[in-house]
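Shown below: model.txt, with compact mmCIF, C-alpha atoms.
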# COMPACT_ATOMS: atom_id res chain seq x y z
CA GLU H 1 -12.15 -8.77 -18.74
CA ALA H 2 -15.41 -7.32 -20.12
CA ALA H 3 -16.81 -10.86 -20.25
CA THR H 4 -15.80 -11.36 -16.64
CA GLN H 5 -17.54 -8.17 -15.59
CA ALA H 6 -20.67 -9.22 -17.49
CA SER H 7 -20.57 -12.70 -15.95
CA LEU H 8 -20.43 -11.29 -12.43
CA ALA H 9 -23.15 -8.76 -13.18
CA THR H 10 -25.41 -11.42 -14.70
CA LYS H 11 -24.96 -13.70 -11.69
CA ALA H 12 -25.67 -10.86 -9.25
CA LYS H 13 -28.85 -9.84 -11.11
CA ALA H 14 -30.08 -13.45 -11.21
CA VAL H 15 -29.62 -13.83 -7.46
CA ALA H 16 -31.35 -10.49 -6.83
CA ASN H 17 -34.28 -11.48 -9.10
CA GLY H 18 -34.71 -14.84 -7.41
CA THR H 19 -33.89 -16.89 -10.51
CA ASP H 20 -30.61 -18.06 -8.98
CA THR H 21 -29.34 -18.62 -5.47
CA ILE H 22 -26.39 -17.56 -3.36
CA ALA H 23 -25.58 -21.27 -2.93
CA SER H 24 -24.73 -21.51 -6.63
CA LEU H 25 -21.70 -19.33 -5.98
CA SER H 26 -20.03 -22.15 -4.09
CA ASP H 27 -21.53 -25.35 -5.49
CA GLY H 28 -18.98 -25.69 -8.27
CA SER H 29 -21.21 -24.43 -11.08
CA PHE H 30 -19.70 -20.93 -10.96
CA ASP H 31 -16.01 -20.22 -10.32
CA LEU H 32 -16.44 -17.12 -8.17
CA THR H 33 -12.81 -16.95 -7.04
CA THR H 34 -11.46 -16.83 -10.59
CA GLU H 35 -14.11 -14.36 -11.73
CA ILE H 36 -13.27 -11.94 -8.89
CA SER H 37 -9.52 -12.33 -9.39
CA ASN H 38 -9.82 -11.45 -13.07
CA ALA H 39 -12.32 -8.65 -12.68
CA SER H 40 -11.45 -4.99 -12.33
CA VAL H 41 -13.47 -2.70 -10.11
CA PRO H 42 -15.14 0.07 -12.12
CA ASP H 43 -13.72 3.54 -11.41
CA VAL H 44 -17.11 4.73 -10.19
CA ILE H 45 -16.59 2.45 -7.20
CA ARG H 46 -14.46 3.81 -4.40
CA PRO H 47 -13.55 2.63 -0.91
CA LEU H 48 -16.55 2.59 1.41
CA VAL H 49 -14.39 2.60 4.53
CA ALA H 50 -11.14 4.26 5.46
CA ALA H 51 -7.90 2.30 5.70
CA THR H 52 -7.24 0.69 9.08
CA THR H 53 -5.50 3.06 11.48
CA PRO H 54 -1.95 1.89 12.22
CA GLY H 55 -1.25 0.61 15.73
CA GLN H 56 2.48 1.34 16.04
CA GLY H 57 3.56 3.99 18.50
CA GLU H 58 4.92 7.22 17.03
CA SER H 59 8.34 6.74 18.67
CA GLY H 60 9.02 3.77 16.38
CA VAL H 61 7.76 5.34 13.15
CA ILE H 62 8.94 7.63 10.37
CA SER H 63 5.73 8.69 8.65
CA ILE H 64 5.54 9.68 4.99
CA PHE H 65 1.76 10.05 4.75
CA SER H 66 -0.71 9.20 7.52
CA ASP H 67 -3.22 11.04 9.68
CA ALA H 68 -2.13 8.79 12.57
CA TYR H 69 1.36 10.33 12.77
CA SER H 70 3.31 13.51 12.19
CA ASP H 71 4.57 13.29 8.60
CA VAL H 72 7.94 14.36 7.24
CA SER H 73 7.75 16.94 4.47
CA THR H 74 7.24 15.44 0.99
CA SER H 75 6.26 16.40 -2.53
CA TRP H 76 4.11 14.17 -4.76
CA SER H 77 4.01 13.94 -8.56
CA VAL H 78 2.50 11.63 -11.17
CA SER H 79 3.76 10.65 -14.62
CA ALA H 80 0.18 10.34 -15.86
CA GLY H 81 -3.31 10.92 -14.53
CA VAL H 82 -4.30 13.08 -11.58
CA ILE H 83 -3.47 12.96 -7.87
CA GLU H 84 -5.54 14.61 -5.18
CA ASP H 85 -6.39 14.41 -1.51
CA ALA H 86 -9.59 12.46 -0.84
CA VAL H 87 -11.66 11.94 2.30
CA VAL H 88 -13.12 8.44 1.95
CA VAL H 89 -15.54 8.69 4.88
CA THR H 90 -17.22 12.07 5.25
CA ASP H 91 -16.27 13.95 8.45
CA SER H 92 -13.84 11.19 9.45
CA GLY H 93 -10.85 13.48 9.22
CA ASP H 94 -8.93 10.70 7.48
CA THR H 95 -7.39 11.73 4.18
CA SER H 96 -6.04 9.43 1.46
CA LYS H 97 -4.21 10.17 -1.77
CA LYS H 98 -6.42 9.35 -4.78
CA VAL H 99 -4.72 8.68 -8.12
CA THR H 100 -6.83 8.38 -11.27
CA GLY H 101 -5.37 7.19 -14.57
CA ALA H 102 -2.42 5.76 -12.67
CA ASP H 103 1.06 5.10 -14.00
CA SER H 104 3.83 6.14 -11.58
CA VAL H 105 3.47 8.13 -8.36
CA THR H 106 6.72 9.63 -7.09
CA ILE H 107 7.06 10.72 -3.47
CA THR H 108 10.13 12.93 -3.13
CA LEU H 109 11.66 13.72 0.24
CA PRO H 110 13.27 17.08 1.04
CA GLY H 111 16.88 15.97 1.08
CA THR H 112 17.23 12.36 2.20
CA LEU H 113 15.93 10.13 4.96
CA ASP H 114 17.98 7.73 7.10
CA ILE H 115 15.92 4.56 7.59
CA SER H 116 18.82 2.34 8.64
CA GLU H 117 17.22 1.74 12.05
CA MET H 118 13.82 0.94 10.54
CA SER H 119 12.71 -2.62 9.81
CA SER H 120 9.62 -2.28 7.55
CA LEU H 121 7.86 -0.08 5.03
CA HIS H 122 4.06 -0.02 5.20
CA VAL H 123 1.69 1.10 2.43
CA ASN H 124 -2.11 0.88 2.48
CA VAL H 125 -3.48 0.44 -1.07
CA TRP H 126 -6.99 0.33 -2.55
CA ARG H 127 -7.08 -0.35 -6.28
CA SER H 128 -9.49 -0.86 -9.17
CA GLU H 129 -7.35 -3.04 -11.47
CA PRO H 130 -5.91 -6.11 -9.71
CA SER H 131 -4.50 -7.63 -12.89
CA ALA H 132 -2.01 -4.77 -13.33
CA ASP H 133 1.52 -5.03 -11.94
CA LEU H 134 1.87 -2.91 -8.81
CA THR H 135 5.44 -1.94 -7.91
CA ILE H 136 6.98 -0.08 -4.98
CA THR H 137 10.49 1.27 -5.47
CA LEU H 138 12.82 2.72 -2.85
CA VAL H 139 15.59 4.97 -4.16
CA ASP H 140 18.70 5.76 -2.10
CA TYR H 141 20.75 8.76 -3.28
CA GLY H 142 24.01 7.49 -1.83
CA ALA H 143 26.61 9.39 0.17
CA ASP H 144 26.46 12.47 -2.09
CA GLY H 145 22.72 12.79 -1.44
CA ALA H 146 22.09 13.71 -5.07
CA VAL H 147 19.39 12.33 -7.33
CA GLY H 148 20.89 10.69 -10.39
CA GLY H 149 24.32 10.42 -8.82
CA THR H 150 26.72 7.60 -9.62
CA ASP H 151 26.21 6.09 -6.16
CA ASN H 152 22.41 5.92 -6.36
CA SER H 153 20.74 2.54 -5.81
CA GLU H 154 17.16 1.31 -5.88
CA HIS H 155 15.13 -1.81 -5.21
CA VAL H 156 11.82 -2.63 -6.87
CA VAL H 157 9.19 -4.82 -5.17
CA THR H 158 6.65 -6.17 -7.69
CA TYR H 159 3.17 -7.42 -6.80
CA ASN H 160 1.52 -9.55 -9.48
CA THR H 161 0.20 -13.01 -10.26
CA ALA H 162 3.61 -14.23 -11.46
CA ASN H 163 5.09 -13.54 -8.02
CA ASN H 164 2.03 -15.02 -6.30
CA ASN H 165 1.47 -11.78 -4.37
CA GLN H 166 -1.19 -10.05 -6.46
CA VAL H 167 -2.92 -7.17 -4.66
CA ALA H 168 -6.69 -7.61 -4.77
CA GLY H 169 -9.04 -4.92 -6.06
CA GLY H 170 -11.93 -3.24 -4.28
CA GLN H 171 -10.48 -3.50 -0.78
CA TRP H 172 -7.78 -1.97 1.36
CA THR H 173 -4.58 -4.03 1.52
CA ASP H 174 -1.80 -3.36 4.03
CA LEU H 175 1.49 -4.02 2.24
CA THR H 176 4.42 -4.59 4.58
CA ILE H 177 7.90 -4.73 3.07
CA ASP H 178 10.78 -6.13 5.11
CA LEU H 179 13.65 -3.72 4.49
CA THR H 180 16.24 -6.47 4.92
CA ASP H 181 14.86 -8.05 1.74
CA LEU H 182 15.80 -5.01 -0.37
CA SER H 183 19.12 -6.44 -1.48
CA ASP H 184 19.52 -4.07 -4.45
CA LEU H 185 19.90 -1.09 -2.11
CA SER H 186 23.55 -0.42 -1.35
CA SER H 187 22.51 1.83 1.54
CA THR H 188 19.40 2.91 3.43
CA THR H 189 20.84 6.05 4.99
CA ASN H 190 19.95 8.43 2.15
CA ILE H 191 16.47 7.48 0.92
CA GLY H 192 15.28 10.20 -1.45
CA GLN H 193 12.24 8.77 -3.22
CA ILE H 194 9.46 6.23 -2.98
CA VAL H 195 7.85 5.38 -6.33
CA ILE H 196 4.54 3.50 -6.59
CA SER H 197 3.61 2.33 -10.09
CA SER H 198 0.75 0.46 -11.75
CA GLN H 199 1.41 -0.90 -15.22
CA THR H 200 0.13 -3.48 -17.67
CA ASP H 201 2.65 -4.88 -20.15
CA GLY H 202 5.04 -2.03 -19.36
CA ALA H 203 2.51 0.75 -19.96
CA ALA H 204 0.33 2.78 -17.64
CA SER H 205 -2.62 0.74 -16.35
CA GLY H 206 -4.83 3.79 -15.94
CA GLU H 207 -6.40 2.31 -12.82
CA THR H 208 -7.62 4.22 -9.78
CA LEU H 209 -5.47 3.98 -6.66
CA TYR H 210 -6.07 5.17 -3.13
CA LEU H 211 -2.94 5.37 -0.96
CA ASP H 212 -2.77 5.84 2.79
CA ASN H 213 -0.64 5.15 5.87
CA ILE H 214 2.76 5.14 4.19
CA TYR H 215 5.40 4.88 6.90
CA PHE H 216 8.55 3.14 8.08
CA SER H 217 8.49 1.28 11.38
CA LYS H 218 11.05 -0.43 13.56
CA THR H 219 10.78 -3.48 15.78
CA PHE H 220 11.92 -3.05 19.35
CA SER H 221 13.88 -6.08 20.50
CA GLY H 222 16.42 -7.08 23.10
CA LEU H 223 14.76 -5.10 25.88
CA THR H 224 15.69 -6.16 29.39
CA PHE H 225 14.31 -5.09 32.74
CA SER H 226 15.81 -5.42 36.22
CA GLU H 227 13.68 -5.99 39.29
CA THR H 228 14.30 -2.39 40.37
CA ASP H 229 12.74 -1.15 37.13
CA LEU H 230 9.38 -2.70 38.00
CA VAL H 231 6.89 -1.59 40.63
CA ALA H 232 4.32 -4.22 41.48
CA THR H 233 0.94 -3.61 43.01
CA GLY H 234 -1.43 -6.22 44.45
CA SER H 235 -0.40 -9.59 45.76
CA GLU H 236 1.52 -12.55 44.47
CA GLY H 237 -0.51 -15.63 43.81
Mind turning this structure into structure tokens?
Amino acid sequence: EAATQASLATKAKAVANGTDTIASLSDGSFDLTTEISNASVPDVIRPLVAATTPGQGESGVISIFSDAYSDVSTSWSVSAGVIEDAVVVTDSGDTSKKVTGADSVTITLPGTLDISEMSSLHVNVWRSEPSADLTITLVDYGADGAVGGTDNSEHVVTYNTANNNQVAGGQWTDLTIDLTDLSDLSSTTNIGQIVISSQTDGAASGETLYLDNIYFSKTFSGLTFSETDLVATGSEG
């Protein structure tokens, strides 16, 4: 990885000094795609823009963390590193969660949340170490609503190169998880935790994560309208 970083830095300096050209990045003499995929983004680099504001209407959303919606009450904890609120763009009013030295981030709900009418989970992620495995776990507490109960179930979604869904570094990525794909959940009526982890070979990756716009959404379908429901203005033509 250090060699990759040095290779990218050397190429950038050569282009800046005029001893190399931008064209060389795509003429086959330098494998830019591989270099970027293998590189990590130094922790001194942070997002330069805020995550894209979600477009779903509030009536179809259960928000965990987003300035675009009214959030349910949550508590956040980390197994390693530090978590804090961070404003990416000064005076924007948009706040993200910044995690440094990342391992696992646990979002605990007060009681449980019924998401049985929801269709997707959305998470905006900015990261510094794209080679690490990024996982998102939903935990359902079961009918007794108790953490660690015998009827608990969970499903883990893993993003990495092996699954061909690696999350790139140095940019915001909107992860959308179809809840119908979470076959390891025996229920979705008592969701108690969302756990976001970053690990390399089973150990904490230590990368920097920014998290924003974490929410469940539902798709409205099967809507019908009668002619009396509509009021037309103008002329037919």
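Atom CA of Ser79 of chain H sits 22.5 Å away from atom CA of His122 of chain H.
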### Among listed residues H:Thr158, H:Thr200, H:Thr173, H:Gln193, nearest Thr74 of chain H (using all atoms listed in the file)
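Comparing H:Thr158, H:Thr200, H:Thr173, H:Gln193 against Thr74 of chain H, the winner is H:Gln193.
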### Task
Figure out the distance between atom CA of Val99 of chain H and atom CA of Glu207 of chain H, please, to one decimal in Å.
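Distance between the two atoms: 8.1 Å.
Minimum distance to Leu185 of chain H across H:Ala168, H:Ala204, H:Ile115, H:Val72 (counting only C-alpha atoms) occurs at H:Ile115.
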Is it possible to get the axis-aligned box enclosing segment 148-151 of chain H (all listed atoms, 6 Å extra per side) as lines of an AutoDock Vina configuration file, with centre and edge lengths in Å rounded to one decimal?
center_x = 23.8
center_y = 8.4
center_z = -8.3
size_x = 17.8
size_y = 16.6
size_z = 16.2
### Query
With distances taken over all atoms listed in the file, which of H:Asp71, H:Asp212, H:Ala50, H:Val167 is nearest to Asp91 of chain H?
H:Ala50
### Task
For atom CA of Asp174 of chain H and atom CA of Pro110 of chain H, quote the distance in Å rounded to one decimal.
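Computing it gives 25.6 Å between the two atoms.
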### Query
With only C-alpha atoms as the atoms that count, which of H:Trp76, H:Ala162, H:Asn190, H:Gly170 lies nearest to Ile64 of chain H?
H:Trp76
### Message
Is it possible to get the residues within 12 Å of (17.9, 11.2, -7.6) (coordinates as in the file, counting all atoms listed in the file) written as a VMD selection string?
### Response
chain H and resid 106 to 112 138 to 154 190 to 195
### Task
May I have the residues at most 12 Å from (0.7, 0.2, 15.4) in the file's coordinates, counting all atoms listed in the file, as a list in words?
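Taken together, the residues in range are Thr52, Thr53, Pro54, Gly55, Gln56, Gly57, Glu58, Ser59, Gly60, Val61, Ser63, Ala68, Tyr69, His122, Asn213, Tyr215, Phe216, Ser217, Lys218 and Thr219 of chain H.
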Rebuild N, CA, C and O atoms on segment 174-191 of chain H, as an mmCIF file, in the coordinates of the input?
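The file below, selection-v2.cif, is the result:
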data_model
loop_
_atom_site.group_PDB
_atom_site.id
_atom_site.type_symbol
_atom_site.label_atom_id
_atom_site.label_comp_id
_atom_site.auth_asym_id
_atom_site.auth_seq_id
_atom_site.Cartn_x
_atom_site.Cartn_y
_atom_site.Cartn_z
ATOM 1 N N ASP H 174 -2.960 -3.894 3.316
ATOM 2 C CA ASP H 174 -1.800 -3.360 4.030
ATOM 3 C C ASP H 174 -0.561 -4.099 3.538
ATOM 4 O O ASP H 174 -0.359 -5.269 3.872
ATOM 5 N N LEU H 175 0.250 -3.436 2.733
ATOM 6 C CA LEU H 175 1.490 -4.020 2.240
ATOM 7 C C LEU H 175 2.613 -3.717 3.222
ATOM 8 O O LEU H 175 2.838 -2.559 3.575
ATOM 9 N N THR H 176 3.296 -4.752 3.665
ATOM 10 C CA THR H 176 4.420 -4.590 4.580
ATOM 11 C C THR H 176 5.666 -5.164 3.928
ATOM 12 O O THR H 176 5.712 -6.345 3.587
ATOM 13 N N ILE H 177 6.661 -4.331 3.737
ATOM 14 C CA ILE H 177 7.900 -4.730 3.070
ATOM 15 C C ILE H 177 9.022 -4.786 4.100
ATOM 16 O O ILE H 177 9.307 -3.788 4.785
ATOM 17 N N ASP H 178 9.638 -5.948 4.223
ATOM 18 C CA ASP H 178 10.780 -6.130 5.110
ATOM 19 C C ASP H 178 12.000 -5.467 4.455
ATOM 20 O O ASP H 178 12.434 -5.880 3.376
ATOM 21 N N LEU H 179 12.557 -4.470 5.102
ATOM 22 C CA LEU H 179 13.650 -3.720 4.490
ATOM 23 C C LEU H 179 14.911 -4.557 4.307
ATOM 24 O O LEU H 179 15.734 -4.259 3.436
ATOM 25 N N THR H 180 15.067 -5.607 5.083
ATOM 26 C CA THR H 180 16.240 -6.470 4.920
ATOM 27 C C THR H 180 16.182 -7.268 3.628
ATOM 28 O O THR H 180 17.196 -7.826 3.202
ATOM 29 N N ASP H 181 15.001 -7.330 3.008
ATOM 30 C CA ASP H 181 14.860 -8.050 1.740
ATOM 31 C C ASP H 181 15.262 -7.209 0.538
ATOM 32 O O ASP H 181 15.339 -7.729 -0.590
ATOM 33 N N LEU H 182 15.523 -5.920 0.751
ATOM 34 C CA LEU H 182 15.800 -5.010 -0.370
ATOM 35 C C LEU H 182 17.297 -5.055 -0.695
ATOM 36 O O LEU H 182 18.046 -4.100 -0.483
ATOM 37 N N SER H 183 17.702 -6.165 -1.263
ATOM 38 C CA SER H 183 19.120 -6.440 -1.480
ATOM 39 C C SER H 183 19.764 -5.556 -2.556
ATOM 40 O O SER H 183 20.994 -5.448 -2.620
ATOM 41 N N ASP H 184 18.960 -4.926 -3.405
ATOM 42 C CA ASP H 184 19.520 -4.070 -4.450
ATOM 43 C C ASP H 184 19.890 -2.677 -3.942
ATOM 44 O O ASP H 184 20.495 -1.892 -4.682
ATOM 45 N N LEU H 185 19.518 -2.368 -2.709
ATOM 46 C CA LEU H 185 19.900 -1.090 -2.110
ATOM 47 C C LEU H 185 21.294 -1.228 -1.510
ATOM 48 O O LEU H 185 21.528 -2.086 -0.666
ATOM 49 N N SER H 186 22.213 -0.377 -1.927
ATOM 50 C CA SER H 186 23.550 -0.420 -1.350
ATOM 51 C C SER H 186 23.614 0.300 -0.018
ATOM 52 O O SER H 186 24.570 0.139 0.740
ATOM 53 N N SER H 187 22.596 1.094 0.273
ATOM 54 C CA SER H 187 22.510 1.830 1.540
ATOM 55 C C SER H 187 21.058 2.177 1.803
ATOM 56 O O SER H 187 20.243 2.216 0.881
ATOM 57 N N THR H 188 20.736 2.411 3.079
ATOM 58 C CA THR H 188 19.400 2.910 3.430
ATOM 59 C C THR H 188 19.497 4.171 4.282
ATOM 60 O O THR H 188 18.573 4.502 5.017
ATOM 61 N N THR H 189 20.629 4.854 4.169
ATOM 62 C CA THR H 189 20.840 6.050 4.990
ATOM 63 C C THR H 189 20.515 7.345 4.241
ATOM 64 O O THR H 189 20.528 8.426 4.838
ATOM 65 N N ASN H 190 20.231 7.227 2.948
ATOM 66 C CA ASN H 190 19.950 8.430 2.150
ATOM 67 C C ASN H 190 18.782 8.192 1.194
ATOM 68 O O ASN H 190 18.900 8.405 -0.018
ATOM 69 N N ILE H 191 17.655 7.728 1.740
ATOM 70 C CA ILE H 191 16.470 7.480 0.920
ATOM 71 C C ILE H 191 15.898 8.809 0.441
ATOM 72 O O ILE H 191 15.611 9.706 1.235
#
